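Structure below is target.tsv: TSV, C-alpha atoms.
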```tsv
chain	number	residue	atom	x	y	z
A	125	MET	CA	0.00	0.00	0.00
A	126	THR	CA	1.31	3.45	-0.92
A	127	HIS	CA	1.49	6.09	1.78
A	128	SER	CA	2.48	9.74	1.54
A	129	ALA	CA	4.62	12.04	3.66
A	130	ILE	CA	6.09	15.51	3.83
A	131	ILE	CA	9.56	16.42	5.13
A	132	ALA	CA	10.25	19.73	6.87
A	133	GLU	CA	13.92	20.46	7.57
A	134	ASP	CA	15.61	23.86	7.25
A	135	GLU	CA	19.05	22.45	6.38
A	136	PRO	CA	18.97	21.56	2.64
A	137	ILE	CA	21.68	18.90	2.95
A	138	LEU	CA	19.93	17.16	5.85
A	139	ARG	CA	16.58	17.42	4.07
A	140	ALA	CA	18.01	15.80	0.93
A	141	GLN	CA	19.72	13.15	3.06
A	142	LEU	CA	16.51	12.19	4.86
A	143	LYS	CA	14.60	12.08	1.57
A	144	ALA	CA	17.24	9.82	0.00
A	145	LYS	CA	17.37	7.49	3.01
A	146	LEU	CA	13.58	7.16	3.09
A	147	ALA	CA	13.57	6.38	-0.63
A	148	LYS	CA	16.03	3.56	0.05
A	149	LEU	CA	14.42	2.17	3.21
A	150	TRP	CA	10.79	2.71	2.23
A	151	PRO	CA	10.52	2.90	-1.58
A	152	GLU	CA	6.71	2.65	-1.45
A	153	LEU	CA	6.50	5.91	0.54
A	154	SER	CA	5.63	8.91	-1.62
A	155	ILE	CA	7.31	12.15	-0.47
A	156	VAL	CA	4.76	14.69	-1.72
A	157	ALA	CA	6.66	17.75	-0.47
A	158	ASP	CA	9.96	18.64	1.17
A	159	VAL	CA	10.20	22.14	2.59
A	160	GLY	CA	12.54	24.32	4.60
A	161	ASP	CA	10.37	25.93	7.25
A	162	GLY	CA	7.38	25.25	9.48
A	163	GLU	CA	4.95	27.57	7.74
A	164	LEU	CA	5.54	25.84	4.39
A	165	ALA	CA	5.18	22.50	6.16
A	166	LEU	CA	1.72	23.43	7.38
A	167	GLU	CA	0.73	24.63	3.91
A	168	ALA	CA	2.03	21.37	2.37
A	169	ILE	CA	0.05	19.28	4.86
A	170	ALA	CA	-3.11	21.27	4.11
A	171	GLU	CA	-2.59	20.82	0.37
A	172	HIS	CA	-1.51	17.17	0.17
A	173	ARG	CA	-3.10	15.64	3.31
A	174	PRO	CA	-0.26	13.13	3.89
A	175	GLN	CA	-0.43	10.30	6.40
A	176	LEU	CA	3.01	11.23	7.80
A	177	ALA	CA	4.99	14.36	8.58
A	178	PHE	CA	8.72	14.31	9.39
A	179	LEU	CA	9.29	17.59	11.26
A	180	ASP	CA	12.50	19.18	12.42
A	181	ILE	CA	12.14	20.92	15.79
A	182	GLN	CA	14.07	24.14	15.17
A	183	MET	CA	12.91	25.74	11.91
A	184	PRO	CA	12.32	29.29	10.68
A	185	GLU	CA	8.82	30.83	10.62
A	186	MET	CA	7.30	28.04	12.78
A	187	THR	CA	9.03	25.37	14.84
A	188	GLY	CA	8.06	21.71	14.58
A	189	ILE	CA	6.26	22.11	17.92
A	190	GLU	CA	4.22	25.02	16.54
A	191	VAL	CA	3.32	23.00	13.43
A	192	ALA	CA	2.19	20.12	15.68
A	193	ARG	CA	0.13	22.57	17.76
A	194	SER	CA	-1.62	23.79	14.58
A	195	LEU	CA	-2.29	20.21	13.47
A	196	ALA	CA	-3.74	19.38	16.88
A	197	ALA	CA	-6.12	22.32	16.57
A	198	ASN	CA	-7.38	21.28	13.12
A	199	PRO	CA	-9.08	17.84	12.98
A	200	GLU	CA	-8.98	17.91	9.16
A	201	LEU	CA	-5.17	17.86	9.15
A	202	LYS	CA	-4.55	14.81	11.32
A	203	CYS	CA	-1.42	12.88	10.43
A	204	HIS	CA	1.27	10.85	12.18
A	205	VAL	CA	4.15	13.09	13.25
A	206	VAL	CA	7.79	12.04	13.56
A	207	PHE	CA	10.04	14.67	15.10
A	208	VAL	CA	13.58	14.87	13.71
A	209	THR	CA	15.56	16.53	16.47
A	210	ALA	CA	19.08	17.29	17.63
A	211	PHE	CA	17.91	17.63	21.25
A	212	ASP	CA	19.39	15.26	23.77
A	213	GLN	CA	17.98	12.38	25.79
A	214	TYR	CA	15.69	14.31	28.15
A	215	ALA	CA	13.62	15.42	25.15
A	216	VAL	CA	13.65	11.95	23.66
A	217	GLU	CA	12.23	10.52	26.88
A	218	ALA	CA	9.37	12.99	26.70
A	219	PHE	CA	8.59	11.86	23.16
A	220	GLU	CA	8.59	8.22	24.13
A	221	ALA	CA	6.29	8.84	27.08
A	222	ASN	CA	3.65	10.06	24.63
A	223	ALA	CA	4.08	7.28	22.07
A	224	VAL	CA	5.31	9.59	19.33
A	225	ASP	CA	8.32	8.54	17.29
A	226	TYR	CA	11.48	10.57	16.89
A	227	VAL	CA	14.72	10.45	14.97
A	228	LEU	CA	17.63	11.91	16.91
A	229	LYS	CA	20.20	13.71	14.73
A	230	PRO	CA	22.69	12.52	13.73
A	231	TYR	CA	20.86	9.26	13.11
A	232	SER	CA	21.98	5.95	11.68
A	233	ASP	CA	20.32	3.91	8.96
A	234	ALA	CA	19.39	1.36	11.61
A	235	ARG	CA	17.59	3.98	13.72
A	236	LEU	CA	15.69	5.32	10.72
A	237	GLN	CA	14.83	1.75	9.70
A	238	ALA	CA	13.37	1.16	13.18
A	239	ALA	CA	11.22	4.29	12.77
A	240	VAL	CA	10.09	3.13	9.33
A	241	ASP	CA	9.16	-0.31	10.66
A	242	ARG	CA	7.20	1.21	13.53
A	243	LEU	CA	5.32	3.56	11.20
A	244	LYS	CA	4.54	0.77	8.76
A	245	GLY	CA	3.13	-1.26	11.62
A	246	ARG	CA	0.82	1.60	12.59
A	247	LEU	CA	-0.32	2.36	9.06
A	248	GLU	CA	-0.92	-1.25	8.09
A	249	ALA	CA	-2.67	-2.33	11.31
A	250	LYS	CA	-6.29	-3.43	11.03
A	251	PRO	CA	-7.99	-1.22	11.97
A	252	ALA	CA	-5.36	1.47	11.57
A	253	PRO	CA	-4.90	3.50	14.76
A	254	ALA	CA	-5.69	7.21	14.63
A	255	PRO	CA	-2.76	9.65	14.64
A	256	GLN	CA	-1.47	10.36	18.12
A	257	ASP	CA	-3.05	13.02	20.31
A	258	LEU	CA	-0.69	15.93	19.69
A	259	ASN	CA	-2.25	18.01	22.45
A	260	ALA	CA	-0.92	15.60	25.08
A	261	LEU	CA	2.50	15.59	23.43
A	262	ILE	CA	2.74	19.36	23.27
A	263	ALA	CA	1.65	19.82	26.88
A	264	THR	CA	4.42	17.49	28.05
A	265	ILE	CA	7.34	18.76	25.99
A	266	ALA	CA	6.60	22.47	25.48
A	267	ALA	CA	8.49	23.38	28.65
A	268	LYS	CA	11.46	21.32	27.50
A	269	PHE	CA	11.90	23.47	24.40
A	270	ASN	CA	10.67	26.73	25.90
A	271	PRO	CA	12.38	27.09	29.27
A	272	GLN	CA	11.08	29.79	31.57
A	273	HIS	CA	12.59	33.18	30.87
A	274	GLU	CA	12.46	36.22	33.08
A	275	GLN	CA	9.44	38.29	32.13
A	276	LEU	CA	10.17	41.58	30.39
A	277	LYS	CA	9.14	44.67	32.33
A	278	TRP	CA	10.83	47.31	30.18
A	279	ILE	CA	11.84	47.61	26.55
A	280	LYS	CA	15.09	49.47	25.90
A	281	ALA	CA	14.58	51.12	22.52
A	282	SER	CA	16.09	53.83	20.35
A	283	VAL	CA	14.01	56.85	19.35
A	284	GLY	CA	16.25	58.89	17.10
A	285	GLN	CA	19.43	59.45	19.11
A	286	THR	CA	17.69	58.84	22.44
A	287	LEU	CA	17.48	55.60	24.39
A	288	ARG	CA	14.02	55.15	25.92
A	289	LEU	CA	12.79	52.74	28.58
A	290	ILE	CA	9.26	51.72	27.55
A	291	PRO	CA	7.08	49.84	30.07
A	292	ILE	CA	6.01	46.55	28.49
A	293	GLU	CA	2.32	47.29	29.19
A	294	ASP	CA	2.56	50.44	27.02
A	295	VAL	CA	3.54	48.45	23.93
A	296	LEU	CA	0.63	48.04	21.49
A	297	PHE	CA	2.49	45.78	19.08
A	298	PHE	CA	5.91	44.56	17.96
A	299	GLN	CA	6.62	44.18	14.24
A	300	ALA	CA	9.85	42.75	12.85
A	301	GLY	CA	11.59	44.28	9.85
A	302	ASP	CA	14.76	43.35	7.96
A	303	LYS	CA	17.21	44.54	10.63
A	304	TYR	CA	15.11	45.96	13.45
A	305	THR	CA	11.91	45.28	15.35
A	306	LEU	CA	9.41	48.12	15.63
A	307	VAL	CA	8.04	48.80	19.12
A	308	ALA	CA	4.76	50.71	18.72
A	309	THR	CA	3.00	52.61	21.50
A	310	ARG	CA	0.24	55.23	21.39
A	311	GLU	CA	2.79	58.04	21.55
A	312	LEU	CA	5.85	56.81	19.68
A	313	ASP	CA	7.57	54.29	17.43
A	314	ALA	CA	10.91	52.92	18.56
A	315	LEU	CA	13.39	50.40	17.19
A	316	ILE	CA	15.16	47.48	18.84
A	317	ARG	CA	17.46	44.76	17.50
A	318	THR	CA	15.75	41.96	19.47
A	319	PRO	CA	14.12	39.37	17.17
A	320	ILE	CA	10.48	38.41	17.58
A	321	LYS	CA	11.30	34.93	18.90
A	322	GLU	CA	13.33	36.37	21.78
A	323	ILE	CA	10.54	38.81	22.62
A	324	LEU	CA	8.09	35.91	22.77
A	325	ASP	CA	10.28	34.22	25.38
A	326	GLY	CA	9.98	37.21	27.70
A	327	ILE	CA	6.32	38.19	27.49
A	328	ASP	CA	3.05	36.81	28.80
A	329	GLY	CA	1.49	34.76	26.00
A	330	GLY	CA	-1.94	35.32	27.49
A	331	LYS	CA	-1.63	39.08	27.09
A	332	TYR	CA	0.45	39.34	23.93
A	333	TRP	CA	-0.61	37.32	20.91
A	334	GLN	CA	1.49	36.43	17.89
A	335	ILE	CA	-0.70	37.05	14.84
A	336	HIS	CA	2.00	36.74	12.19
A	337	ARG	CA	5.55	35.41	12.13
A	338	SER	CA	6.71	39.03	12.30
A	339	THR	CA	4.01	40.56	14.53
A	340	ILE	CA	3.00	40.37	18.22
A	341	VAL	CA	0.02	42.42	19.39
A	342	ASN	CA	-1.13	43.47	22.85
A	343	ALA	CA	-4.48	41.66	23.13
A	344	SER	CA	-6.02	44.40	25.26
A	345	ALA	CA	-5.20	46.94	22.54
A	346	ILE	CA	-7.15	45.16	19.79
A	347	GLU	CA	-10.01	47.35	18.60
A	348	SER	CA	-11.39	45.08	15.87
A	349	VAL	CA	-10.64	42.23	13.47
A	350	SER	CA	-11.84	42.33	9.88
A	351	ARG	CA	-11.58	40.19	6.74
A	352	ASP	CA	-11.27	41.26	3.13
A	353	PHE	CA	-12.98	39.61	0.14
A	354	ARG	CA	-10.23	36.95	0.04
A	355	GLY	CA	-10.75	36.03	3.68
A	356	GLN	CA	-7.48	37.67	4.78
A	357	ALA	CA	-7.85	38.80	8.39
A	358	SER	CA	-6.35	41.99	9.77
A	359	VAL	CA	-6.24	43.55	13.23
A	360	LYS	CA	-6.96	47.21	14.01
A	361	VAL	CA	-5.15	48.45	17.13
A	362	LYS	CA	-6.57	51.19	19.36
A	363	GLY	CA	-4.91	54.54	18.83
A	364	ARG	CA	-3.09	53.47	15.65
A	365	LYS	CA	-3.83	53.82	11.93
A	366	GLU	CA	-2.21	50.54	10.88
A	367	SER	CA	-4.07	47.37	10.03
A	368	LEU	CA	-1.91	44.40	11.01
A	369	PRO	CA	-2.26	41.30	8.81
A	370	VAL	CA	-2.97	37.92	10.44
A	371	SER	CA	-1.19	35.00	8.77
A	372	ARG	CA	-3.05	31.72	8.37
A	373	PRO	CA	-0.95	29.62	10.81
A	374	PHE	CA	-1.77	32.08	13.60
```

Translate this structure into structure tokens?
Amino acid sequence: MTHSAIIAEDEPILRAQLKAKLAKLWPELSIVADVGDGELALEAIAEHRPQLAFLDIQMPEMTGIEVARSLAANPELKCHVVFVTAFDQYAVEAFEANAVDYVLKPYSDARLQAAVDRLKGRLEAKPAPAPQDLNALIATIAAKFNPQHEQLKWIKASVGQTLRLIPIEDVLFFQAGDKYTLVATRELDALIRTPIKEILDGIDGGKYWQIHRSTIVNASAIESVSRDFRGQASVKVKGRKESLPVSRPF
């Protein structure tokens, strides 16, 4: 029986290596897409509806954990997930406790063969078991990959030639550019060099929502959400003229 899979790995050499090894160990498996970031992985899963997804953990745009979280939230996109990770044994133990497979980088042909055999057993079982409950997996391992960081209280930002200390509660939204991240308040726009992912580590996720890979918005500052004729959502923030686009994964 032919099954399909996608591969998401941001290192082109490792992605090509995994694809070649799977072709050798599991020639019946159809790789319908191989992509270099988590957002493209989610789009590929939505388009091709594969039975399997081989996901790297650390990827641009969305991590493998974030892709799994999106899959868990959408019953139409259920598939078996295999994490391909360079994290050490404590993470592997968390995976095993939730009956999800993993391939620890750098992996041997024998280890990949064991994963293939396990997946074949699941897919060919009568009746075939449903894909694993990703919600339980995420709840167990999220802390492993997102250790607690000290909460930000102030943002040190440049306004012209002046360094300003902006209380975190005054920030309406953060928006990443090519070199800088914009810090927007009611009164001013300031620039910092801190990337969005680092900001996410230091803020309260219940109060600040990521609505795009490059945008975090203060939830209490949202005035309205609208959609255009294409279904593209955008957020209007109180006291600002901008409309902030919402990307589909968020």

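One distance worth recording is that between atom CA of Val359 of chain A and atom CA of Ala343 of chain A, which is 10.2 Å.
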
Kindly provide, as a compact mmCIF listing (two decimals) with C-alpha atoms, in the frame of the given file, the polymer residues lying within 10 Å of (15.3, 22.6, 13.0), counting only C-alpha atoms and using the coordinates exactly as they appear in the file.
```
# COMPACT_ATOMS: atom_id res chain seq x y z
CA ALA A 132 10.25 19.73 6.87
CA GLU A 133 13.92 20.46 7.57
CA ASP A 134 15.61 23.86 7.25
CA GLU A 135 19.05 22.45 6.38
CA GLY A 160 12.54 24.32 4.60
CA ASP A 161 10.37 25.93 7.25
CA GLY A 162 7.38 25.25 9.48
CA LEU A 179 9.29 17.59 11.26
CA ASP A 180 12.50 19.18 12.42
CA ILE A 181 12.14 20.92 15.79
CA GLN A 182 14.07 24.14 15.17
CA MET A 183 12.91 25.74 11.91
CA PRO A 184 12.32 29.29 10.68
CA MET A 186 7.30 28.04 12.78
CA THR A 187 9.03 25.37 14.84
CA GLY A 188 8.06 21.71 14.58
CA PHE A 207 10.04 14.67 15.10
CA VAL A 208 13.58 14.87 13.71
CA THR A 209 15.56 16.53 16.47
CA ALA A 210 19.08 17.29 17.63
CA PHE A 211 17.91 17.63 21.25
```

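From atom CA of Ile335 of chain A back to atom CA of Phe374 of chain A, the distance works out to 5.2 Å.
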
Counting all atoms listed in the file, what is within 8 Å of Val361 of chain A, bar same-chain residues fewer than 3 positions away, as a list in words?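 The residues satisfying every condition are Leu296, Ala345, Ile346, Glu347, Ser348, Arg364, Lys365, Glu366 and Ser367 of chain A.
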
Would you please work out which residue, of A:Leu289, A:Leu146, A:Ala177, A:Val349, is nearest to Tyr226 of chain A when using only C-alpha atoms?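 Looking at the shortest contact to Tyr226 of chain A, the residue is A:Ala177.
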
Which residue of A:Glu248, A:Val205, A:Leu138, A:Ile327 approaches Pro291 of chain A most closely, using only C-alpha atoms: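 Once distances to Pro291 of chain A are computed over only C-alpha atoms, the minimum belongs to A:Ile327.
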